[in-house]
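First the structure, in the form of structure tokens, and then the observations on it.
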Amino acid sequence: MNHDTIRAVVLPGALPAAFEAACLVECTGVSRLSRLSPAPAGRTDPALFAEFNQPSAAGRLISLLQVLGHDAAVTVREAGGRRRYLVHGVLVAPQDRAIIDRTLATAWRQGRQALLATEQLGATSPRHAQRMTLARAAWQAALRSCGSRRRRDEALWVRLGDQTLATVLIRAARLLGVNAEVVRRPGCLLVIVPATMPEVAAFPRTLGEAVATRG
């Protein structure tokens, strides 16, 4: 395969996995999807692709990259000052990094366009089914990676640094049958949804309640 002519479209069968992976990376707040940097010539050691505070987010990204045909591995380091914490990194082969970046950037564009489209689709339409799958993928990524908190059992919010991602999650929540609210805080946005939202209610608290870090 010629990696210099990477396909401009992610095929439907691969789009849910690629879009969820893209959302995981977007949730870190420092998007790699618009910052392509080829690995140095001759480099053979694994390249750091993204970092998370929560091991479930790193593990999920590795699984999704493997579904897309790329090997990946996790690395763990300690960070912080007086309060130490673990940072879980995702490593990829240096020769794969550019193609992964481009694939996820394309999936992010396609998935965002599909979710934000206002076209009415029939309930039995394959495009409607894919739109619903993408909506669930966006929220699954956010719950793992964006850092979430619950207010008793009434509501849950995820913390974001990006308006575009917030817009995607608001639209995804609406497609999933609930209304989302956005609250601006210094340096971030909170997207709040009912804790009864199926994707939230079924999500283990221990996986969702964490804060993602830059990758």
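Labeling convention for the structure tokens: chains A, B, ... as they appear, residues from 1 per chain, ligands from 1 in order of appearance.
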
Using only C-alpha atoms, which protein or nucleic acid residues come within 10 Å of stretch 8-25 of chain A? Drop anything in the same chain fewer than 4 positions from it, and give the result as a short mmCIF file (atom, residue, chain, number, x, y, z; two decimals) with C-alpha atoms, in the first residue's frame.
```cif
data_model
loop_
_atom_site.label_atom_id
_atom_site.label_comp_id
_atom_site.auth_asym_id
_atom_site.auth_seq_id
_atom_site.Cartn_x
_atom_site.Cartn_y
_atom_site.Cartn_z
CA GLY A 29 -7.74 18.35 24.43
CA VAL A 30 -4.58 18.34 22.32
CA SER A 31 -5.71 16.94 19.01
CA ARG A 32 -3.24 14.98 16.92
CA LEU A 33 -5.76 14.90 14.12
CA PHE A 49 0.49 8.58 19.97
CA ALA A 50 -1.72 9.67 22.89
CA GLU A 51 -1.78 9.74 26.68
CA PHE A 52 -4.61 9.30 29.20
CA ALA A 57 -9.18 4.89 27.61
CA ALA A 58 -5.69 3.77 26.58
CA ARG A 60 -9.83 1.03 24.31
CA LEU A 61 -7.73 3.05 21.86
CA ILE A 62 -5.32 0.14 21.49
CA SER A 63 -8.22 -2.24 20.79
CA LEU A 64 -9.69 0.11 18.18
CA LEU A 65 -6.35 0.59 16.44
CA GLN A 66 -5.94 -3.18 16.29
CA VAL A 67 -9.40 -3.47 14.72
CA LEU A 68 -8.16 -0.99 12.10
CA ILE A 100 -3.20 6.42 11.64
CA ASP A 101 -3.33 10.19 11.97
CA ARG A 102 -4.82 10.58 8.52
CA THR A 103 -7.32 7.75 8.98
CA LEU A 104 -8.57 9.19 12.27
CA ALA A 105 -8.69 12.71 10.87
CA THR A 106 -10.81 11.46 7.99
CA ALA A 107 -13.05 9.46 10.33
CA TRP A 108 -13.47 12.49 12.60
CA ARG A 109 -14.56 14.60 9.62
CA GLN A 110 -16.95 11.95 8.28
CA GLY A 111 -18.44 11.10 11.67
CA ARG A 112 -18.90 14.74 12.60
CA ARG A 127 -27.48 5.66 7.21
CA GLN A 130 -24.80 4.20 11.21
CA ARG A 131 -25.61 7.65 12.63
CA THR A 133 -23.78 3.86 16.05
CA LEU A 134 -21.59 6.94 15.70
CA ALA A 135 -23.60 8.76 18.38
CA ARG A 136 -23.00 5.91 20.82
CA ALA A 137 -19.32 5.78 19.87
CA ALA A 138 -18.90 9.49 20.58
CA TRP A 139 -20.36 9.17 24.06
CA GLN A 140 -18.48 5.97 24.86
CA ALA A 141 -15.25 7.77 24.00
CA ALA A 142 -16.19 10.82 26.04
CA LEU A 143 -17.09 8.78 29.10
CA ARG A 144 -13.76 6.97 28.97
CA SER A 145 -11.51 9.86 28.07
CA CYS A 146 -12.92 13.31 28.80
CA LEU A 165 -16.44 18.17 20.31
CA VAL A 168 -20.85 16.64 18.44
CA LEU A 169 -21.77 15.28 21.87
CA ALA A 212 -7.84 12.70 30.35
CA THR A 213 -4.51 14.42 29.68
CA ARG A 214 -2.73 15.74 26.65
CA GLY A 215 -1.21 13.28 24.22
#
```

Seminar exercise, completed: For A:Thr28, the closest of A:Gly161, A:Val191, A:Ala155, A:His88 counting only C-alpha atoms is A:Gly161

Exercise. What are the DSSP strand (DSSP E) residues of stretch 125-180 of chain A, as a list of chain:residue names?
Worked result: A:Ser148, A:Arg149, A:Arg150, A:Arg151, A:Ala155, A:Leu156, A:Trp157, A:Val158, A:Arg159, A:Leu160

Selected residues written out with N, CA and C atoms, as a PDB file, in the first residue's frame:
```pdb
ATOM      1  N   SER A 148     -15.296  12.555  33.678  1.00  0.00           N
ATOM      2  CA  SER A 148     -16.721  12.721  33.964  1.00  0.00           C
ATOM      3  C   SER A 148     -16.970  12.726  35.457  1.00  0.00           C
ATOM      4  N   ARG A 149     -18.050  13.373  35.828  1.00  0.00           N
ATOM      5  CA  ARG A 149     -18.484  13.417  37.228  1.00  0.00           C
ATOM      6  C   ARG A 149     -19.992  13.238  37.281  1.00  0.00           C
ATOM      7  N   ARG A 150     -20.469  12.620  38.353  1.00  0.00           N
ATOM      8  CA  ARG A 150     -21.906  12.452  38.549  1.00  0.00           C
ATOM      9  C   ARG A 150     -22.396  13.354  39.668  1.00  0.00           C
ATOM     10  N   ARG A 151     -23.594  13.870  39.489  1.00  0.00           N
ATOM     11  CA  ARG A 151     -24.281  14.591  40.560  1.00  0.00           C
ATOM     12  C   ARG A 151     -25.355  13.668  41.092  1.00  0.00           C
ATOM     13  N   ALA A 155     -27.545  13.379  37.119  1.00  0.00           N
ATOM     14  CA  ALA A 155     -26.903  13.892  35.914  1.00  0.00           C
ATOM     15  C   ALA A 155     -25.430  13.507  35.905  1.00  0.00           C
ATOM     16  N   LEU A 156     -24.857  13.559  34.716  1.00  0.00           N
ATOM     17  CA  LEU A 156     -23.436  13.323  34.545  1.00  0.00           C
ATOM     18  C   LEU A 156     -22.908  14.381  33.592  1.00  0.00           C
ATOM     19  N   TRP A 157     -21.690  14.849  33.859  1.00  0.00           N
ATOM     20  CA  TRP A 157     -21.094  15.784  32.917  1.00  0.00           C
ATOM     21  C   TRP A 157     -19.691  15.336  32.545  1.00  0.00           C
ATOM     22  N   VAL A 158     -19.314  15.702  31.308  1.00  0.00           N
ATOM     23  CA  VAL A 158     -17.954  15.471  30.832  1.00  0.00           C
ATOM     24  C   VAL A 158     -17.309  16.828  30.616  1.00  0.00           C
ATOM     25  N   ARG A 159     -16.031  16.896  30.869  1.00  0.00           N
ATOM     26  CA  ARG A 159     -15.276  18.144  30.785  1.00  0.00           C
ATOM     27  C   ARG A 159     -14.513  18.184  29.473  1.00  0.00           C
ATOM     28  N   LEU A 160     -14.714  19.226  28.694  1.00  0.00           N
ATOM     29  CA  LEU A 160     -14.107  19.348  27.370  1.00  0.00           C
ATOM     30  C   LEU A 160     -13.363  20.670  27.246  1.00  0.00           C
TER      31      LEU A 160
END
```

For this session: Measuring atom to atom with only C-alpha atoms, identify which of A:Asp45, A:Asn53, A:Ala114, A:Val76 is nearest to A:Val92.
Result: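 The closest residue to A:Val92 is A:Asp45.
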
Exercise. If you count only C-alpha atoms, which residues fall within 10 Å of A:Asn179, apart from same-chain ones fewer than 4 positions away, as a PyMOL selection string?
Worked result: chain A and resi 170-175+192-194+197

For this session: Apply DSSP to the backbone of this structure and, from stretch 71-197 of chain A, keep only the residues in helix (DSSP H, G or I); write these as a VMD selection string.
Result: chain A and resid 94 to 116 126 to 145 163 to 175

Restrict the selected residues to C-alpha atoms and save them as a PDB file, in the first residue's frame.
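And here is the file that came out, part30.pdb:
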```
ATOM      1  CA  PRO A  94       6.628   4.962  13.684  1.00  0.00           C
ATOM      2  CA  GLN A  95       5.897   3.898  10.110  1.00  0.00           C
ATOM      3  CA  ASP A  96       2.177   3.646  10.994  1.00  0.00           C
ATOM      4  CA  ARG A  97       1.800   6.976  12.759  1.00  0.00           C
ATOM      5  CA  ALA A  98       1.095   9.145   9.725  1.00  0.00           C
ATOM      6  CA  ILE A  99      -1.456   6.748   8.250  1.00  0.00           C
ATOM      7  CA  ILE A 100      -3.197   6.418  11.635  1.00  0.00           C
ATOM      8  CA  ASP A 101      -3.332  10.195  11.970  1.00  0.00           C
ATOM      9  CA  ARG A 102      -4.824  10.576   8.517  1.00  0.00           C
ATOM     10  CA  THR A 103      -7.316   7.755   8.979  1.00  0.00           C
ATOM     11  CA  LEU A 104      -8.570   9.187  12.273  1.00  0.00           C
ATOM     12  CA  ALA A 105      -8.686  12.712  10.874  1.00  0.00           C
ATOM     13  CA  THR A 106     -10.813  11.461   7.989  1.00  0.00           C
ATOM     14  CA  ALA A 107     -13.054   9.455  10.327  1.00  0.00           C
ATOM     15  CA  TRP A 108     -13.472  12.494  12.598  1.00  0.00           C
ATOM     16  CA  ARG A 109     -14.562  14.596   9.619  1.00  0.00           C
ATOM     17  CA  GLN A 110     -16.955  11.945   8.280  1.00  0.00           C
ATOM     18  CA  GLY A 111     -18.437  11.096  11.669  1.00  0.00           C
ATOM     19  CA  ARG A 112     -18.896  14.744  12.601  1.00  0.00           C
ATOM     20  CA  GLN A 113     -20.609  15.479   9.309  1.00  0.00           C
ATOM     21  CA  ALA A 114     -22.896  12.465   9.697  1.00  0.00           C
ATOM     22  CA  LEU A 115     -23.944  13.421  13.226  1.00  0.00           C
ATOM     23  CA  LEU A 116     -24.448  17.118  12.530  1.00  0.00           C
ATOM     24  CA  PRO A 126     -28.716   2.073   6.898  1.00  0.00           C
ATOM     25  CA  ARG A 127     -27.477   5.660   7.207  1.00  0.00           C
ATOM     26  CA  HIS A 128     -29.716   6.173  10.232  1.00  0.00           C
ATOM     27  CA  ALA A 129     -28.341   3.003  11.829  1.00  0.00           C
ATOM     28  CA  GLN A 130     -24.800   4.202  11.211  1.00  0.00           C
ATOM     29  CA  ARG A 131     -25.614   7.647  12.629  1.00  0.00           C
ATOM     30  CA  MET A 132     -26.902   6.039  15.823  1.00  0.00           C
ATOM     31  CA  THR A 133     -23.785   3.857  16.050  1.00  0.00           C
ATOM     32  CA  LEU A 134     -21.595   6.945  15.696  1.00  0.00           C
ATOM     33  CA  ALA A 135     -23.605   8.762  18.376  1.00  0.00           C
ATOM     34  CA  ARG A 136     -22.998   5.912  20.819  1.00  0.00           C
ATOM     35  CA  ALA A 137     -19.323   5.778  19.866  1.00  0.00           C
ATOM     36  CA  ALA A 138     -18.900   9.494  20.576  1.00  0.00           C
ATOM     37  CA  TRP A 139     -20.359   9.173  24.062  1.00  0.00           C
ATOM     38  CA  GLN A 140     -18.483   5.967  24.860  1.00  0.00           C
ATOM     39  CA  ALA A 141     -15.248   7.766  23.997  1.00  0.00           C
ATOM     40  CA  ALA A 142     -16.187  10.821  26.036  1.00  0.00           C
ATOM     41  CA  LEU A 143     -17.092   8.777  29.100  1.00  0.00           C
ATOM     42  CA  ARG A 144     -13.759   6.974  28.973  1.00  0.00           C
ATOM     43  CA  SER A 145     -11.513   9.857  28.073  1.00  0.00           C
ATOM     44  CA  GLN A 163     -16.412  23.570  21.246  1.00  0.00           C
ATOM     45  CA  THR A 164     -16.541  21.313  18.182  1.00  0.00           C
ATOM     46  CA  LEU A 165     -16.440  18.170  20.306  1.00  0.00           C
ATOM     47  CA  ALA A 166     -19.094  19.638  22.599  1.00  0.00           C
ATOM     48  CA  THR A 167     -21.334  20.247  19.575  1.00  0.00           C
ATOM     49  CA  VAL A 168     -20.846  16.644  18.436  1.00  0.00           C
ATOM     50  CA  LEU A 169     -21.766  15.283  21.873  1.00  0.00           C
ATOM     51  CA  ILE A 170     -24.845  17.514  22.136  1.00  0.00           C
ATOM     52  CA  ARG A 171     -26.093  16.302  18.773  1.00  0.00           C
ATOM     53  CA  ALA A 172     -25.230  12.684  19.633  1.00  0.00           C
ATOM     54  CA  ALA A 173     -27.187  12.932  22.882  1.00  0.00           C
ATOM     55  CA  ARG A 174     -30.205  14.304  21.020  1.00  0.00           C
ATOM     56  CA  LEU A 175     -30.060  11.401  18.561  1.00  0.00           C
TER      57      LEU A 175
END
```

For this session: For atom CA of A:Glu199 and atom CA of A:Val87, determine how far apart the two atoms are, in Å to one decimal place.
Result: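 These two atoms are separated by 25.7 Å.
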
Exercise. Any idea what the distance is between atom CA of A:Thr124 and atom CA of A:Val200?
Worked result: 24.8 Å
